[in-house]
Amino acid sequence: MSPERLEELLSAAIDGSLTDEAIDREELNAALLGDEVLRRSAAAWLSEESLLRQEAATLPVSNTHHKHAGAAAPTFRRERGIGASIVPPPSIAAAIGYVALACSLLLNVTLWLASREAGPAAPSNPTDPVARLTRVTGCIWEPSSNHAPERGDLLPTGERLSLKQGIAEIEIRNRDVQATVRLIGPCTARTHAGGIPDLQSGKMVVDARVFGRSLHLDTPAGHLKFDDNSSLGLVRSHDNYELHMLDGSVGWTPGLSTVAADPFLIEGQITEGDAIRCYLRGRNAVRIERIAPASNKFAEELSMTNDRLELGASYRRAVMESLPSNYWRFGRTKGARLQNEIADGIELTIGGDVKTVSYGANTALEFGMTRQAGYLKSEDRWPKAPLRDLTAEVWVKPSHYHNGTVVALTTERLSGHFPRHALALELGGSEAHWRSPTPLTSLRYLLRDEPSDLPDNEFGSSVSNGYDIRRWQHLVYVKRGDRLELYRDGVQVASNDAGQDKHVAASLQLVCGRLYPPGAPAERLYIGQMDELALYERALTAEEVKEHHDIGTQKPPPPGSI
Amino acid sequence: MSSSQLPSDKFVGFLTASQDRLRAYVLACVGNYSDAGDILQKTNVVLLRKAREFQESVEFEAWAIGVAKFEVLAFVRDRQRERLSFSSELVELMVDASEEAVGTLAKRQIALRSCLASLPEEKQLLIRMRYAEDLSMGQIASHLGKSVGSVKALVRRVRALLHECVATKLAQSSPSAS
């Protein structure tokens, strides 16, 4: 039982309101009977409650309160309260004397903290539901774990589930509740006393069916109580936590130190169509706001064909208005050459096996789905002179988590040396490789001036959980003077120092879909789809980036509409 | 009661000084204000009745808590069929945890006092209304012009905030393990 739930039930118990809810009473008693640490926590909290009655009387009375309450002393006291002792209360002086005496008897003062840390390891109660992994679809679990969960496994409390890819379903069941929790990779969660796992990163959907006993879930966004059949989507990143009510409703009590941006955002029911985002500082939610619900975030993303990219004339117009120096829409011409929308742009050709996929009038390229992984390479060198400002813009739909290079600018291979990189945008894989420093499942962008095959003196960074799989994403690499910026779906996700007077070197070879141009080892092959690559000899503004993304995600008007 | 049967001033002093600890102990055992009030009254009556049995060589508070423990167990035994907050089985386990908790009561009280002082004025007012004046949530809501639900949530938040604050202060004041 979480500390918040314990305090909620104890608050009801001390006022006598617990006895009206036999279910809560049973829950409290069962939890305390089975857990000595929890009993200590409860005793500490209750003894503090008793002290509070005494200490609260020493607080100053507000003038405003007197005005509201009237001159007379309040007459609403309970007749049988604990304060009705036959002995008068001690004076402050006596109390202080007593405190000094009792100080010599102090014992362990860390009970509460110890109990909080012990949370996940607490033994489960016999009445707790059982959690079992019932379905795994395309699951890749964190490779470093000693034991990958298997279908049918009972999940013990405190088990860390780290799903890199795929969908895993956990069924939680006893006679009163039944819930299916869908972990959508990549995500991590920790099992919690037979209840709903604690989401630590990524996405998860809870489908609850309740037959009498409530199902509880403590999240950084507050305490959730499932009293009815409902479906709730949860998303957690390093700095925020989202609740998306997909169906039904849940009871919600926000966390302690949360400040609501919306004054009407107070505890109550979250109902279908509601969505809330909490901004986190450490484990605590510090700010909370309403957001637009996004049920599509939780749709199963198993097929490469589910998400369509229908970039039309309006997108082309927006890109062209931003004055790219090269822009490929990935429509094929005869042979292996790709048509450049810019008349004096460089030539980009296909190497290996690259398929064309169509989304209505739009076409994209698909890499790595055959035995002969393909790539794109420029025959000409670009840029003509070193660039202080540069933008590379592209749409990608990776098929799975893998270490693949989307776009790179490299030198030619010198005898006995690998080509050297000036710029790269690449995906982190689901498994570590000794030759790749790119963190797992991250999105990495870099600048090296001088171009180098080593990460020393490199500028840029990696964004953890930096990309989604089987979903189109708009990625934009920007070098703006002394800064590097990375945008995903119109939003800046990284910003880094780019050093003083650093440039993107001149006369580089453009490579897409692998780390090195042909002639060097075929490493970090990109597997997935790619579309609309544009290079600019200037830094796009954040507004332009967002505008391009927004236009790109607009649905085209139906044929024949005016 | 004749003057010879009256407890000594020293005994009354001990009893008076022990009320905080006894009250906290009993409440921690049974988890309900009303029941704890009844038990404390009975405990005080028994302690006064046994005043003459008390030997000054014995530590008063340990003796008083022993008496209170007996009264707690007698209370739940007599009311086994009623829906008490804590079942009799649980109370038997809580008596030990509660005795341990009151061992840190003095330090907890100092911490709590400091935490209360650091609360903003409106939260102090809320705590005073709820805990010192014993107003119901409805009464507080009407005083503050808020809904009962929002007052309940506010009280719970402030209470939890205080508990966190006390726990932090206790941890800071305890010697490091390393």
# chains A, B, ... in the order shown; residues from 1 in each chain; ligands from 1
$ interface_residues --of "chain B" --to "chain A" --cutoff "7 Å" --atoms "only C-alpha atoms" --output "PyMOL selection string"
chain B and resi 16-17+23-25+27-28+31-34+36-37+40-41+83-87+90+94+97-98+101-104+106-107+109+113+124-125+127-128+131-135+143+157+161+167+170-171+174
$ atom_distance --atom1 "CA of Arg480 in chain A" --atom2 "CA of Thr391 in chain A"
8.4 Å
$ residues_around --residues "Gly481 in chain A" --least-positions-apart "5" --cutoff "12 Å" --atoms "only C-alpha atoms" --output "number ranges by chain"
A: 387-391, 496-504, 537-540
$ select_by_dssp --residues "chain B" --states "helix (DSSP H, G or I)" --output "JSON, numbers by chain"
{"B": [9, 10, 11, 12, 13, 14, 15, 16, 17, 19, 20, 21, 22, 23, 24, 25, 26, 27, 28, 29, 30, 33, 34, 35, 36, 37, 38, 39, 40, 41, 42, 43, 44, 45, 46, 47, 48, 49, 51, 52, 53, 60, 61, 62, 63, 64, 65, 66, 67, 68, 69, 70, 71, 72, 73, 74, 75, 76, 77, 78, 88, 89, 90, 91, 92, 93, 94, 95, 96, 97, 98, 99, 100, 101, 102, 105, 106, 107, 108, 109, 110, 111, 112, 113, 114, 115, 116, 117, 118, 121, 122, 123, 124, 125, 126, 127, 128, 129, 130, 131, 132, 137, 138, 139, 140, 141, 142, 143, 144, 148, 149, 150, 151, 152, 153, 154, 155, 156, 157, 158, 159, 160, 161, 162, 163, 164, 165, 166, 167, 168, 169, 170, 171, 172, 173]}
$ residues_around --residues "Ile172 in chain A" --least-positions-apart "4" --cutoff "8 Å" --atoms "only C-alpha atoms" --output "PyMOL selection string"
chain A and resi 129-132+177-181+194-196
$ write_last_selection --atoms "N, CA, C and O atoms" --output "compact mmCIF listing (two decimals), in the first residue's frame"
# COMPACT_ATOMS: atom_id res chain seq x y z
N PRO A 129 -4.88 -8.69 -5.85
CA PRO A 129 -5.03 -9.39 -7.13
C PRO A 129 -3.69 -10.01 -7.57
O PRO A 129 -2.63 -9.61 -7.12
N VAL A 130 -3.81 -10.95 -8.46
CA VAL A 130 -2.62 -11.60 -9.02
C VAL A 130 -2.32 -10.96 -10.37
O VAL A 130 -3.22 -10.71 -11.16
N ALA A 131 -1.05 -10.68 -10.64
CA ALA A 131 -0.66 -10.10 -11.93
C ALA A 131 0.08 -11.15 -12.74
O ALA A 131 1.02 -11.77 -12.25
N ARG A 132 -0.37 -11.33 -13.96
CA ARG A 132 0.24 -12.36 -14.82
C ARG A 132 0.43 -11.80 -16.22
O ARG A 132 -0.43 -11.08 -16.74
N VAL A 177 -11.87 -7.51 -8.89
CA VAL A 177 -11.36 -6.61 -9.93
C VAL A 177 -10.68 -7.42 -11.03
O VAL A 177 -10.19 -8.52 -10.79
N GLN A 178 -10.69 -6.84 -12.18
CA GLN A 178 -9.96 -7.44 -13.28
C GLN A 178 -9.47 -6.29 -14.14
O GLN A 178 -10.24 -5.39 -14.48
N ALA A 179 -8.22 -6.30 -14.44
CA ALA A 179 -7.68 -5.21 -15.26
C ALA A 179 -6.66 -5.78 -16.22
O ALA A 179 -5.96 -6.74 -15.90
N THR A 180 -6.65 -5.21 -17.40
CA THR A 180 -5.60 -5.56 -18.36
C THR A 180 -4.73 -4.34 -18.54
O THR A 180 -5.22 -3.25 -18.83
N VAL A 181 -3.46 -4.52 -18.32
CA VAL A 181 -2.51 -3.43 -18.48
C VAL A 181 -1.68 -3.72 -19.73
O VAL A 181 -1.10 -4.80 -19.85
N GLY A 194 0.83 -6.82 -6.85
CA GLY A 194 -0.29 -7.45 -7.54
C GLY A 194 -1.23 -6.45 -8.18
O GLY A 194 -2.22 -6.84 -8.80
N GLY A 195 -0.97 -5.18 -8.03
CA GLY A 195 -1.86 -4.17 -8.59
C GLY A 195 -1.35 -3.69 -9.93
O GLY A 195 -0.58 -4.38 -10.61
N ILE A 196 -1.77 -2.50 -10.31
CA ILE A 196 -1.37 -1.94 -11.60
C ILE A 196 0.10 -1.55 -11.52
O ILE A 196 0.51 -0.87 -10.59
